[in-house]
>>> print(open('work24.cif').read())   # mmCIF, C-alpha atoms and all ligand atoms
data_my_file
loop_
_atom_site.label_atom_id
_atom_site.label_comp_id
_atom_site.auth_asym_id
_atom_site.auth_seq_id
_atom_site.Cartn_x
_atom_site.Cartn_y
_atom_site.Cartn_z
CA MET A 38 111.20 184.05 79.84
CA ILE A 39 108.19 183.26 77.70
CA LEU A 40 107.78 179.61 76.75
CA ARG A 41 105.85 179.51 73.52
CA ARG A 42 103.15 176.88 73.21
CA GLN A 43 104.05 174.55 70.37
CA THR A 44 101.71 174.75 67.42
CA ARG A 45 101.73 173.45 63.89
CA GLN A 46 103.04 175.79 61.25
CA ILE A 47 101.10 177.10 58.26
CA HIS A 48 102.08 179.65 55.63
CA ILE A 49 100.13 182.69 54.52
CA GLY A 50 102.06 183.47 51.34
CA ASN A 51 105.66 183.86 52.51
CA VAL A 52 104.74 184.48 56.16
CA ALA A 53 104.96 181.46 58.43
CA VAL A 54 102.42 181.34 61.25
CA GLY A 55 102.80 178.98 64.20
CA GLY A 56 105.64 176.67 65.16
CA ASN A 57 108.71 178.75 65.92
CA SER A 58 107.91 181.53 63.48
CA PRO A 59 107.80 185.11 64.79
CA ILE A 60 104.44 186.23 66.13
CA SER A 61 103.08 188.21 63.21
CA VAL A 62 101.16 191.47 63.37
CA GLN A 63 98.24 191.90 61.04
CA SER A 64 95.49 194.33 60.24
CA MET A 65 92.44 194.73 58.06
CA THR A 66 91.67 197.41 55.51
CA ASN A 67 88.56 199.55 55.93
CA THR A 68 88.36 200.68 52.30
CA ASP A 69 85.91 199.32 49.74
CA THR A 70 87.93 196.37 48.42
CA ARG A 71 86.55 197.03 44.94
CA ASP A 72 88.33 200.39 45.02
CA VAL A 73 91.76 199.02 44.14
CA ALA A 74 93.61 202.36 44.32
CA ALA A 75 92.28 203.24 47.78
CA THR A 76 92.84 199.73 49.11
CA VAL A 77 96.41 199.56 47.77
CA ALA A 78 97.16 203.03 49.20
CA GLN A 79 96.01 201.91 52.64
CA ILE A 80 97.93 198.64 52.46
CA GLU A 81 101.11 200.53 51.47
CA LYS A 82 100.78 202.70 54.59
CA LEU A 83 100.25 199.58 56.67
CA GLN A 84 103.28 197.89 55.10
CA ASP A 85 105.42 200.93 55.97
CA ALA A 86 104.19 200.69 59.56
CA GLY A 87 105.26 197.02 59.69
CA CYS A 88 102.02 195.16 58.93
CA GLU A 89 102.92 191.60 57.92
CA ILE A 90 99.58 190.17 56.78
CA ILE A 91 96.60 192.12 55.49
CA ARG A 92 92.95 191.07 55.42
CA VAL A 93 90.34 192.56 53.13
CA ALA A 94 86.57 192.13 53.25
CA VAL A 95 85.09 190.37 50.23
CA LEU A 96 81.44 191.34 49.96
CA ASP A 97 80.77 190.50 46.33
CA LYS A 98 82.26 189.10 43.13
CA ASP A 99 83.84 192.40 42.13
CA ALA A 100 85.67 192.57 45.45
CA ALA A 101 86.93 189.01 44.91
CA LEU A 102 88.16 189.93 41.42
CA ALA A 103 89.84 193.10 42.72
CA ILE A 104 92.20 190.93 44.81
CA LYS A 105 94.21 190.09 41.70
CA LYS A 106 94.96 193.75 40.96
CA ILE A 107 95.59 194.57 44.62
CA ARG A 108 98.06 191.73 45.00
CA GLU A 109 100.07 192.90 41.99
CA LYS A 110 100.85 196.12 43.86
CA ILE A 111 101.46 195.03 47.44
CA LEU A 112 104.30 193.24 49.19
CA ILE A 113 102.56 191.43 52.05
CA PRO A 114 100.26 188.40 51.90
CA LEU A 115 96.55 189.00 51.61
CA ILE A 116 93.69 187.20 53.34
CA ALA A 117 90.12 187.39 52.06
CA ASP A 118 87.42 187.69 54.71
CA ILE A 119 84.22 185.98 53.60
CA HIS A 120 80.88 185.28 55.20
CA PHE A 121 78.27 182.80 53.98
CA ASP A 122 78.96 182.72 50.23
CA HIS A 123 81.22 179.82 49.22
CA ARG A 124 81.43 181.17 45.66
CA LEU A 125 83.16 184.30 46.93
CA ALA A 126 85.67 182.17 48.84
CA VAL A 127 86.49 180.20 45.69
CA ALA A 128 86.65 183.37 43.56
CA ALA A 129 88.93 185.08 46.08
CA MET A 130 91.37 182.17 45.99
CA GLU A 131 91.28 182.07 42.20
CA SER A 132 92.10 185.79 42.30
CA GLY A 133 95.17 185.15 44.40
CA ALA A 134 94.11 185.43 48.04
CA GLN A 135 96.82 183.70 50.10
CA GLY A 136 94.52 182.95 52.99
CA ILE A 137 90.80 183.00 53.66
CA ARG A 138 88.80 183.58 56.80
CA ILE A 139 85.46 181.83 56.89
CA ASN A 140 83.18 179.96 59.23
CA PRO A 141 82.89 176.58 57.46
CA GLY A 142 79.58 175.95 59.22
CA ASN A 143 77.82 178.90 57.65
CA LEU A 144 78.64 178.20 54.00
CA GLY A 145 75.46 176.19 53.39
CA GLY A 146 76.41 172.55 53.82
CA PRO A 147 79.14 169.97 53.09
CA GLU A 148 78.90 170.21 49.29
CA LYS A 149 79.56 173.91 49.24
CA LEU A 150 82.28 173.55 51.85
CA SER A 151 83.98 170.88 49.78
CA LYS A 152 84.20 173.28 46.83
CA VAL A 153 85.98 175.76 49.11
CA VAL A 154 88.29 173.07 50.46
CA ASP A 155 89.13 171.85 46.93
CA ALA A 156 90.05 175.39 45.91
CA ALA A 157 92.09 175.87 49.10
CA LYS A 158 94.00 172.66 48.40
CA ALA A 159 94.55 173.56 44.74
CA HIS A 160 95.84 177.05 45.56
CA LYS A 161 97.64 175.99 48.77
CA VAL A 162 95.63 178.48 50.79
CA PRO A 163 95.17 178.04 54.55
CA ILE A 164 91.83 178.72 56.16
CA ARG A 165 91.23 180.67 59.35
CA VAL A 166 88.25 179.37 61.24
CA GLY A 167 87.16 182.64 62.74
CA VAL A 168 84.33 182.48 65.25
CA ASN A 169 83.27 185.14 67.67
CA SER A 170 80.69 185.45 70.42
CA GLY A 171 78.10 186.73 67.97
CA SER A 172 78.47 183.87 65.48
CA ILE A 173 78.00 180.89 67.79
CA GLU A 174 75.45 178.34 66.55
CA LYS A 175 72.09 178.33 68.34
CA ASP A 176 72.36 174.71 69.49
CA LEU A 177 75.71 175.38 71.14
CA LEU A 178 74.36 178.47 72.87
CA LYS A 179 71.48 176.34 74.12
CA GLU A 180 73.77 173.61 75.37
CA PHE A 181 76.60 175.68 76.84
CA GLY A 182 75.18 179.20 77.20
CA TYR A 183 76.59 182.50 76.00
CA PRO A 184 80.37 182.55 76.48
CA THR A 185 81.67 184.14 79.66
CA GLU A 186 85.02 184.23 81.42
CA ASP A 187 83.93 181.31 83.61
CA ASN A 188 82.39 179.33 80.79
CA PRO A 189 83.71 180.06 77.28
CA LYS A 190 82.74 176.56 76.13
CA SER A 191 80.25 177.55 73.39
CA LEU A 192 82.92 179.70 71.72
CA ILE A 193 85.46 176.89 71.84
CA GLU A 194 83.01 174.20 70.71
CA SER A 195 81.90 176.36 67.80
CA ALA A 196 85.50 176.71 66.63
CA LEU A 197 86.28 173.02 67.07
CA ARG A 198 83.07 172.01 65.29
CA ASN A 199 84.08 174.16 62.33
CA VAL A 200 87.59 172.74 62.42
CA ARG A 201 86.19 169.20 62.36
CA LEU A 202 84.18 170.06 59.25
CA LEU A 203 87.43 170.91 57.50
CA GLU A 204 89.28 167.90 58.87
CA LYS A 205 86.48 165.65 57.63
CA GLN A 206 87.32 166.92 54.15
CA GLY A 207 90.99 166.12 54.65
CA PHE A 208 92.04 169.72 55.23
CA GLU A 209 94.40 170.72 58.04
CA GLU A 210 96.02 173.98 56.92
CA ILE A 211 94.05 175.75 59.60
CA LYS A 212 94.40 178.52 62.13
CA ILE A 213 91.75 179.38 64.65
CA SER A 214 90.39 182.51 66.26
CA ILE A 215 87.70 182.74 68.94
CA LYS A 216 87.16 186.39 69.56
CA SER A 217 84.99 188.05 72.17
CA SER A 218 84.58 191.71 72.99
CA ASP A 219 84.99 190.78 76.64
CA THR A 220 88.61 190.78 77.72
CA LEU A 221 88.36 188.03 80.33
CA THR A 222 86.26 185.75 78.09
CA CYS A 223 88.91 186.12 75.43
CA ILE A 224 91.65 185.16 77.86
CA SER A 225 89.94 182.11 79.31
CA GLY A 226 88.66 181.03 75.89
CA TYR A 227 92.09 181.02 74.28
CA GLN A 228 93.68 179.48 77.38
CA GLN A 229 91.29 176.54 77.21
CA LEU A 230 91.41 176.23 73.44
CA SER A 231 95.21 176.08 73.52
CA THR A 232 95.01 172.91 75.63
CA LEU A 233 92.61 171.27 73.17
CA SER A 234 94.16 172.00 69.79
CA ASP A 235 97.63 172.56 68.34
CA TYR A 236 96.52 174.56 65.32
CA PRO A 237 98.08 178.01 65.29
CA LEU A 238 95.99 180.66 67.00
CA HIS A 239 95.08 184.09 65.72
CA ILE A 240 94.35 186.01 68.91
CA GLY A 241 92.42 189.23 69.36
CA VAL A 242 89.64 191.05 71.14
CA THR A 243 86.81 191.91 68.80
CA GLU A 244 84.98 195.26 68.82
CA ALA A 245 87.59 196.41 71.30
CA GLY A 246 86.79 200.11 70.93
CA GLY A 247 88.61 203.33 70.08
CA LEU A 248 92.28 204.13 70.53
CA ILE A 249 92.45 204.21 74.31
CA ALA A 250 89.82 201.63 75.30
CA GLY A 251 90.76 199.33 72.43
CA THR A 252 94.46 199.52 73.18
CA VAL A 253 93.94 198.81 76.86
CA LYS A 254 91.53 195.90 76.32
CA SER A 255 93.64 194.33 73.60
CA SER A 256 96.87 194.82 75.53
CA VAL A 257 95.45 193.24 78.67
CA ALA A 258 94.03 190.20 76.86
CA LEU A 259 96.80 189.70 74.32
CA GLY A 260 99.51 190.67 76.79
CA ILE A 261 98.43 187.97 79.22
CA LEU A 262 98.02 185.36 76.49
CA LEU A 263 101.30 186.13 74.76
CA HIS A 264 103.09 186.10 78.10
CA GLN A 265 101.72 182.59 78.64
CA GLY A 266 103.06 181.58 75.23
CA ILE A 267 99.61 181.53 73.61
CA GLY A 268 99.07 183.15 70.21
CA ASP A 269 100.88 182.92 66.87
CA THR A 270 99.53 185.98 65.07
CA PHE A 271 97.23 188.80 66.11
CA ARG A 272 95.31 191.87 65.18
CA ILE A 273 94.69 194.74 67.56
CA SER A 274 91.16 195.82 66.60
CA LEU A 275 90.64 199.56 66.92
CA THR A 276 87.94 201.90 65.69
CA ARG A 277 90.69 203.97 64.16
CA ASP A 278 93.10 204.22 61.23
CA PRO A 279 94.40 200.63 60.93
CA VAL A 280 97.98 201.97 60.94
CA GLU A 281 97.43 202.60 64.67
CA GLU A 282 96.64 198.90 65.09
CA ILE A 283 100.09 198.03 63.80
CA ARG A 284 101.82 200.59 66.03
CA VAL A 285 100.01 199.29 69.09
CA GLY A 286 100.79 195.72 68.04
CA PHE A 287 104.52 196.28 67.85
CA GLU A 288 104.57 198.25 71.11
CA LEU A 289 102.84 195.31 72.74
CA LEU A 290 105.43 192.86 71.40
CA ARG A 291 108.23 195.22 72.45
CA SER A 292 106.89 195.57 75.97
CA LEU A 293 106.86 191.78 76.30
CA LYS A 294 110.36 191.63 74.79
CA ILE A 295 109.03 189.29 72.09
CA ARG A 296 109.89 191.38 69.03
CA GLU A 297 111.25 194.83 68.31
CA ARG A 298 110.71 197.07 65.36
CA GLY A 299 112.23 200.52 64.86
CA PRO A 300 113.08 202.93 67.66
CA GLU A 301 111.57 203.06 71.11
CA LEU A 302 110.31 206.41 72.30
CA ILE A 303 110.13 207.12 76.00
CA SER A 304 108.88 210.41 77.40
CA CYS A 305 108.29 211.68 80.89
CA PRO A 306 104.73 212.25 82.07
CA THR A 307 105.62 215.91 82.97
CA CYS A 308 105.24 217.34 86.44
CA GLY A 309 105.47 220.69 88.23
CA ARG A 310 109.13 220.97 87.18
CA THR A 311 108.26 221.05 83.46
CA GLN A 312 109.09 224.40 81.93
CA ILE A 313 108.76 223.68 78.23
CA ASP A 314 105.86 222.75 75.98
CA LEU A 315 106.71 219.06 76.16
CA PHE A 316 103.44 217.78 74.71
CA SER A 317 103.92 219.41 71.32
CA ILE A 318 107.66 218.58 71.24
CA ALA A 319 106.89 214.94 72.08
CA GLU A 320 104.25 214.85 69.36
CA GLU A 321 106.67 216.15 66.71
CA VAL A 322 109.42 213.76 67.83
CA GLU A 323 106.96 210.85 67.79
CA LYS A 324 105.91 211.71 64.22
CA TYR A 325 109.50 211.48 63.05
CA VAL A 326 110.38 208.44 65.16
CA GLN A 327 107.50 206.51 63.56
CA THR A 328 109.26 206.87 60.20
CA MET A 329 112.61 205.56 61.52
CA GLN A 330 113.94 202.03 61.15
CA LYS A 331 117.01 202.19 63.46
CA LYS A 332 116.64 200.40 66.76
CA VAL A 333 117.48 203.23 69.14
CA LYS A 334 115.94 204.45 72.36
CA VAL A 335 114.83 208.06 72.17
CA ALA A 336 113.84 210.12 75.23
CA VAL A 337 111.81 213.31 75.50
CA MET A 338 112.07 214.75 79.02
CA GLY A 339 110.52 217.77 80.67
CA CYS A 340 113.36 219.24 82.72
CA VAL A 341 117.13 219.51 82.51
CA VAL A 342 117.61 218.74 86.20
CA ASN A 343 116.12 215.25 86.29
CA GLY A 344 115.52 214.41 82.63
CA PRO A 345 118.98 213.14 81.60
CA GLY A 346 119.31 211.04 84.75
CA GLU A 347 115.81 209.58 84.54
CA ALA A 348 116.42 208.62 80.91
CA LYS A 349 120.04 207.54 81.10
CA GLU A 350 119.36 204.28 79.32
CA ALA A 351 118.22 206.26 76.23
CA ASP A 352 120.66 206.44 73.31
CA ILE A 353 119.64 210.04 72.72
CA GLY A 354 117.27 212.38 74.48
CA LEU A 355 116.23 215.97 74.93
CA ALA A 356 115.25 218.08 77.88
CA GLY A 357 114.65 221.77 78.28
CA GLY A 358 113.43 224.72 80.33
CA ASN A 359 114.08 228.39 81.09
CA GLY A 360 115.14 229.20 77.53
CA VAL A 361 117.73 226.40 77.36
CA GLY A 362 117.54 223.04 75.63
CA ILE A 363 119.90 220.12 76.00
CA ILE A 364 120.49 216.97 74.03
CA PHE A 365 122.03 214.08 75.92
CA LYS A 366 123.34 210.66 75.01
CA LYS A 367 123.18 207.89 77.63
CA GLY A 368 122.52 210.54 80.25
CA VAL A 369 125.61 212.61 79.34
CA LEU A 370 125.31 216.14 77.94
CA TYR A 371 125.96 216.17 74.20
CA LYS A 372 124.71 219.58 73.01
CA LYS A 373 123.29 222.73 74.56
CA VAL A 374 121.07 224.97 72.39
CA LYS A 375 118.51 227.73 72.74
CA GLU A 376 115.14 226.31 73.74
CA ASP A 377 113.63 227.63 70.50
CA ASP A 378 116.13 225.59 68.46
CA LEU A 379 115.82 222.40 70.50
CA LEU A 380 113.26 220.53 68.42
CA GLU A 381 114.91 221.27 65.09
CA THR A 382 118.39 220.39 66.35
CA PHE A 383 117.09 217.19 67.91
CA LEU A 384 115.31 216.11 64.73
CA ASP A 385 118.55 216.75 62.81
CA GLU A 386 120.38 214.46 65.23
CA LEU A 387 117.73 211.75 64.78
CA LYS A 388 118.06 212.08 60.99
CA LYS A 389 121.84 211.60 61.35
CA ILE A 390 121.28 208.46 63.40
CA GLU A 391 118.80 207.12 60.85
CA ALA A 392 121.23 207.80 58.00
CA SER A 393 124.27 206.30 59.79
S1 LIG B 401 111.88 214.57 83.80
FE1 LIG B 401 111.57 216.40 85.01
S2 LIG B 401 109.64 217.19 84.26
FE2 LIG B 401 109.71 215.09 83.63
S3 LIG B 401 108.65 213.97 85.24
FE3 LIG B 401 110.86 213.90 85.68
S4 LIG B 401 111.17 215.62 87.07
FE4 LIG B 401 109.18 215.98 86.08
#
>>> encode(input="work24.cif", output="C-alpha cells")
Amino acid sequence: MILRRQTRQIHIGNVAVGGNSPISVQSMTNTDTRDVAATVAQIEKLQDAGCEIIRVAVLDKDAALAIKKIREKILIPLIADIHFDHRLAVAAMESGAQGIRINPGNLGGPEKLSKVVDAAKAHKVPIRVGVNSGSIEKDLLKEFGYPTEDNPKSLIESALRNVRLLEKQGFEEIKISIKSSDTLTCISGYQQLSTLSDYPLHIGVTEAGGLIAGTVKSSVALGILLHQGIGDTFRISLTRDPVEEIRVGFELLRSLKIRERGPELISCPTCGRTQIDLFSIAEEVEKYVQTMQKKVKVAVMGCVVNGPGEAKEADIGLAGGNGVGIIFKKGVLYKKVKEDDLLETFLDELKKIEAS
C-alpha cells in the first residue's frame, strides 16, 4: 500500500492539489496561445483524454489576453507559464489564469515580484515555483555544483530560495517542481525536497524524449516517486501529441493502483502460435477503447488455445486463428465467428458494453 506524503493543499480553479486530493494529471498545449481556436481545439482533445489541468505558454501580451477567450470555452483549469516578464504574469491572472508557473527569482527583483504576488493574492491564484537543471542560479551552481543523482542540492536550493522569496511577501499558495532530464537526479531531488518542504509537489522529468524513451524515463522516475508517496500532480513530458502524455499518465497511475480511468486493455505479445494479424486488430481495438469510459478489462490475444486462459481475468476478450475468431468473457467462450468478422463483432460488443 502506498502511504502518501502529507502536503498542504492548494486549488487550481476547482482542482485540489496536495493533501488528500487525487493525484492530478496535467499537460501543456503546444499551439500558439494567441491562436484561440487552435488552442481550444487541443485543450478539448486533452479534456476528452482525461487531462485535469492545462498549462499554456504566455510569450507576450496578446497570449496573456487570449487566456480570457480560451477559458470561456474550456472546462479544466488553466495555468499560465511565464518566464522573466512580471507584466505578463499579472496580465495572465487578470485574464483569468487559475495558476501561474514562474521562477520568482528571474522576474527582476522584489518590486516586480511583489506586483505578481499582489495579483496572485487578489485573484486567488497559486504559483508554481518551477525550476529545472537549466535554470539554476550561477551562485548555487558554484556552491553546490550541477545537480546529479548523488548531489541534487543546487536544484533543491534554487527551488527553496524561490519559495522563500514568495514567503517573504506573505504568499504561501505554492507548489514546487524541480525537474531534471536525468531520471535518477529527478528521483533523488524530489526525495530530498519532500523531506524539506510540505508544499505540494508537481513531479516530472523534463525533456524526457519521444514516446518510447519519454514514457520509460518518466515512468521510472515518477513510478518510483509515486510509489514512495511523493508527488501531488504531474506531467509526463513527451515530444509528441500532448494527448499521449495524458494516456501515459493514467496508465502509470493505473499500474500503481492509484487511480483508474476508463477501460484497461491487455494484449499478448504474440509468439509462434499467433495465426492472425494481431497487431492491426489490437491497434483498432485500442483506438476504440481510448474513447470508452466504462471501467472494463479488455483482452486481445493471439491464439484460441492459450488466449482465453491467459486472459481469464479480462471482462471481454478476443482470440483467433485458422479462419476462426472467438470472443470470450472471463475466460469462457461467448461467441464464435469467422476470423474475417472478428474485429467488427468485437467492436460491436464493446459498444454494447459502453452503452449499458
Ligand atoms: S496468447 Fe497465444 S499467441 Fe499470444 S503469447 Fe500466448 S500463446 Fe502466444
>>> residues_near_point(input="work24.cif", point="(92.3, 197.7, 46.4)", cutoff="10 Å", atoms="only C-alpha atoms", output="mmCIF file with C-alpha atoms, keeping the file's coordinate frame")
data_model
loop_
_atom_site.group_PDB
_atom_site.id
_atom_site.type_symbol
_atom_site.label_atom_id
_atom_site.label_comp_id
_atom_site.auth_asym_id
_atom_site.auth_seq_id
_atom_site.Cartn_x
_atom_site.Cartn_y
_atom_site.Cartn_z
ATOM 1 C CA THR A 66 91.670 197.410 55.510
ATOM 2 C CA THR A 68 88.360 200.680 52.300
ATOM 3 C CA ASP A 69 85.910 199.320 49.740
ATOM 4 C CA THR A 70 87.930 196.370 48.420
ATOM 5 C CA ARG A 71 86.550 197.030 44.940
ATOM 6 C CA ASP A 72 88.330 200.390 45.020
ATOM 7 C CA VAL A 73 91.760 199.020 44.140
ATOM 8 C CA ALA A 74 93.610 202.360 44.320
ATOM 9 C CA ALA A 75 92.280 203.240 47.780
ATOM 10 C CA THR A 76 92.840 199.730 49.110
ATOM 11 C CA VAL A 77 96.410 199.560 47.770
ATOM 12 C CA ALA A 78 97.160 203.030 49.200
ATOM 13 C CA GLN A 79 96.010 201.910 52.640
ATOM 14 C CA ILE A 80 97.930 198.640 52.460
ATOM 15 C CA VAL A 93 90.340 192.560 53.130
ATOM 16 C CA ALA A 100 85.670 192.570 45.450
ATOM 17 C CA ALA A 103 89.840 193.100 42.720
ATOM 18 C CA ILE A 104 92.200 190.930 44.810
ATOM 19 C CA LYS A 105 94.210 190.090 41.700
ATOM 20 C CA LYS A 106 94.960 193.750 40.960
ATOM 21 C CA ILE A 107 95.590 194.570 44.620
ATOM 22 C CA ARG A 108 98.060 191.730 45.000
ATOM 23 C CA LYS A 110 100.850 196.120 43.860
ATOM 24 C CA ILE A 111 101.460 195.030 47.440
#
>>> residues_near_point(input="work24.cif", point="(106.3, 183.2, 79.0)", cutoff="7 Å", atoms="all atoms listed in the file", output="list of chain:residue names")
A:Met38, A:Ile39, A:Leu40, A:Arg41, A:His264, A:Gln265, A:Gly266
>>> residues_near_ligand(input="work24.cif", ligand="ligand LIG 401 (chain B)", cutoff="12 Å", atoms="only C-alpha atoms and all ligand atoms", output="ChimeraX atom specification")
/A:303-316,319,336-349,354-358,368
>>> closest_residue(input="work24.cif", among="A:Pro189, A:Pro184, A:Gly142, A:Gly133", to="Ile116 of chain A", atoms="only C-alpha atoms")
A:Gly133
>>> residues_around(input="work24.cif", residues="segment 320-329 of chain A", least_positions_apart="6", cutoff="8 Å", atoms="all atoms listed in the file", output="ChimeraX atom specification")
/A:86,299-300,302,380,384,391
>>> write_last_selection(input="work24.cif", atoms="C-alpha atoms", output="PDB file, in the frame of the given file")
ATOM      1  CA  ALA A  86     104.190 200.690  59.560  1.00  0.00           C
ATOM      2  CA  GLY A 299     112.230 200.520  64.860  1.00  0.00           C
ATOM      3  CA  PRO A 300     113.080 202.930  67.660  1.00  0.00           C
ATOM      4  CA  LEU A 302     110.310 206.410  72.300  1.00  0.00           C
ATOM      5  CA  LEU A 380     113.260 220.530  68.420  1.00  0.00           C
ATOM      6  CA  LEU A 384     115.310 216.110  64.730  1.00  0.00           C
ATOM      7  CA  GLU A 391     118.800 207.120  60.850  1.00  0.00           C
TER       8      GLU A 391
END
>>> residues_around(input="work24.cif", residues="Val52 of chain A", least_positions_apart="2", cutoff="9 Å", atoms="all atoms listed in the file", output="ChimeraX atom specification")
/A:47-50,54,58,61,89-90,113-114
>>> write_last_selection(input="work24.cif", atoms="C-alpha atoms", output="tab-separated table (two decimals), keeping the file's coordinate frame")
chain	number	residue	atom	x	y	z
A	47	ILE	CA	101.10	177.10	58.26
A	48	HIS	CA	102.08	179.65	55.63
A	49	ILE	CA	100.13	182.69	54.52
A	50	GLY	CA	102.06	183.47	51.34
A	54	VAL	CA	102.42	181.34	61.25
A	58	SER	CA	107.91	181.53	63.48
A	61	SER	CA	103.08	188.21	63.21
A	89	GLU	CA	102.92	191.60	57.92
A	90	ILE	CA	99.58	190.17	56.78
A	113	ILE	CA	102.56	191.43	52.05
A	114	PRO	CA	100.26	188.40	51.90
>>> atom_distance(input="work24.cif", atom1="atom CA of Met65 of chain A", atom2="atom CA of Leu96 of chain A")
14.1 Å
>>> atom_distance(input="work24.cif", atom1="atom CA of Ser64 of chain A", atom2="atom CA of Val280 of chain A")
8.1 Å
>>> closest_residue(input="work24.cif", among="A:Leu202, A:Leu289, A:Val374, A:Ala351", to="Glu148 of chain A", atoms="all atoms listed in the file")
A:Leu202
>>> closest_residue(input="work24.cif", among="A:Ala196, A:Gly251, A:Gly87, A:Ile364", to="Arg296 of chain A", atoms="all atoms listed in the file")
A:Gly87
>>> build_atoms(input="work24.cif", residues="segment 247-269 of chain A", atoms="N, CA and C atoms", output="mmCIF file, keeping the file's coordinate frame")
data_model
loop_
_atom_site.group_PDB
_atom_site.id
_atom_site.type_symbol
_atom_site.label_atom_id
_atom_site.label_comp_id
_atom_site.auth_asym_id
_atom_site.auth_seq_id
_atom_site.Cartn_x
_atom_site.Cartn_y
_atom_site.Cartn_z
ATOM 1 N N GLY A 247 87.761 202.303 70.677
ATOM 2 C CA GLY A 247 88.610 203.330 70.080
ATOM 3 C C GLY A 247 90.058 203.207 70.541
ATOM 4 N N LEU A 248 90.837 204.249 70.299
ATOM 5 C CA LEU A 248 92.280 204.130 70.530
ATOM 6 C C LEU A 248 92.626 203.765 71.973
ATOM 7 N N ILE A 249 92.043 204.466 72.927
ATOM 8 C CA ILE A 249 92.450 204.210 74.310
ATOM 9 C C ILE A 249 91.814 202.925 74.851
ATOM 10 N N ALA A 250 90.478 202.824 74.771
ATOM 11 C CA ALA A 250 89.820 201.630 75.300
ATOM 12 C C ALA A 250 90.276 200.378 74.551
ATOM 13 N N GLY A 251 90.372 200.485 73.246
ATOM 14 C CA GLY A 251 90.760 199.330 72.430
ATOM 15 C C GLY A 251 92.183 198.890 72.718
ATOM 16 N N THR A 252 93.067 199.857 72.891
ATOM 17 C CA THR A 252 94.460 199.520 73.180
ATOM 18 C C THR A 252 94.571 198.847 74.540
ATOM 19 N N VAL A 253 93.857 199.386 75.512
ATOM 20 C CA VAL A 253 93.940 198.810 76.860
ATOM 21 C C VAL A 253 93.368 197.389 76.858
ATOM 22 N N LYS A 254 92.161 197.229 76.294
ATOM 23 C CA LYS A 254 91.530 195.900 76.320
ATOM 24 C C LYS A 254 92.388 194.869 75.572
ATOM 25 N N SER A 255 92.846 195.269 74.390
ATOM 26 C CA SER A 255 93.640 194.330 73.600
ATOM 27 C C SER A 255 94.962 194.020 74.295
ATOM 28 N N SER A 256 95.571 195.036 74.900
ATOM 29 C CA SER A 256 96.870 194.820 75.530
ATOM 30 C C SER A 256 96.741 193.933 76.759
ATOM 31 N N VAL A 257 95.653 194.093 77.497
ATOM 32 C CA VAL A 257 95.450 193.240 78.670
ATOM 33 C C VAL A 257 95.263 191.789 78.212
ATOM 34 N N ALA A 258 94.322 191.578 77.289
ATOM 35 C CA ALA A 258 94.030 190.200 76.860
ATOM 36 C C ALA A 258 95.222 189.580 76.138
ATOM 37 N N LEU A 259 95.717 190.280 75.125
ATOM 38 C CA LEU A 259 96.800 189.700 74.320
ATOM 39 C C LEU A 259 98.096 189.661 75.112
ATOM 40 N N GLY A 260 98.295 190.653 75.978
ATOM 41 C CA GLY A 260 99.510 190.670 76.790
ATOM 42 C C GLY A 260 99.576 189.445 77.688
ATOM 43 N N ILE A 261 98.461 189.136 78.335
ATOM 44 C CA ILE A 261 98.430 187.970 79.220
ATOM 45 C C ILE A 261 98.632 186.687 78.412
ATOM 46 N N LEU A 262 97.909 186.580 77.307
ATOM 47 C CA LEU A 262 98.020 185.360 76.490
ATOM 48 C C LEU A 262 99.429 185.180 75.937
ATOM 49 N N LEU A 263 99.967 186.242 75.362
ATOM 50 C CA LEU A 263 101.300 186.130 74.760
ATOM 51 C C LEU A 263 102.340 185.801 75.841
ATOM 52 N N HIS A 264 102.149 186.375 77.022
ATOM 53 C CA HIS A 264 103.090 186.100 78.100
ATOM 54 C C HIS A 264 103.021 184.641 78.546
ATOM 55 N N GLN A 265 101.862 184.025 78.318
ATOM 56 C CA GLN A 265 101.720 182.590 78.640
ATOM 57 C C GLN A 265 102.093 181.717 77.442
ATOM 58 N N GLY A 266 102.608 182.341 76.393
ATOM 59 C CA GLY A 266 103.060 181.580 75.230
ATOM 60 C C GLY A 266 101.933 181.216 74.276
ATOM 61 N N ILE A 267 100.779 181.866 74.441
ATOM 62 C CA ILE A 267 99.610 181.530 73.610
ATOM 63 C C ILE A 267 99.424 182.616 72.555
ATOM 64 N N GLY A 268 99.307 182.187 71.292
ATOM 65 C CA GLY A 268 99.070 183.150 70.210
ATOM 66 C C GLY A 268 100.211 183.128 69.210
ATOM 67 N N ASP A 269 99.861 183.000 67.919
ATOM 68 C CA ASP A 269 100.880 182.920 66.870
ATOM 69 C C ASP A 269 100.826 184.108 65.933
#
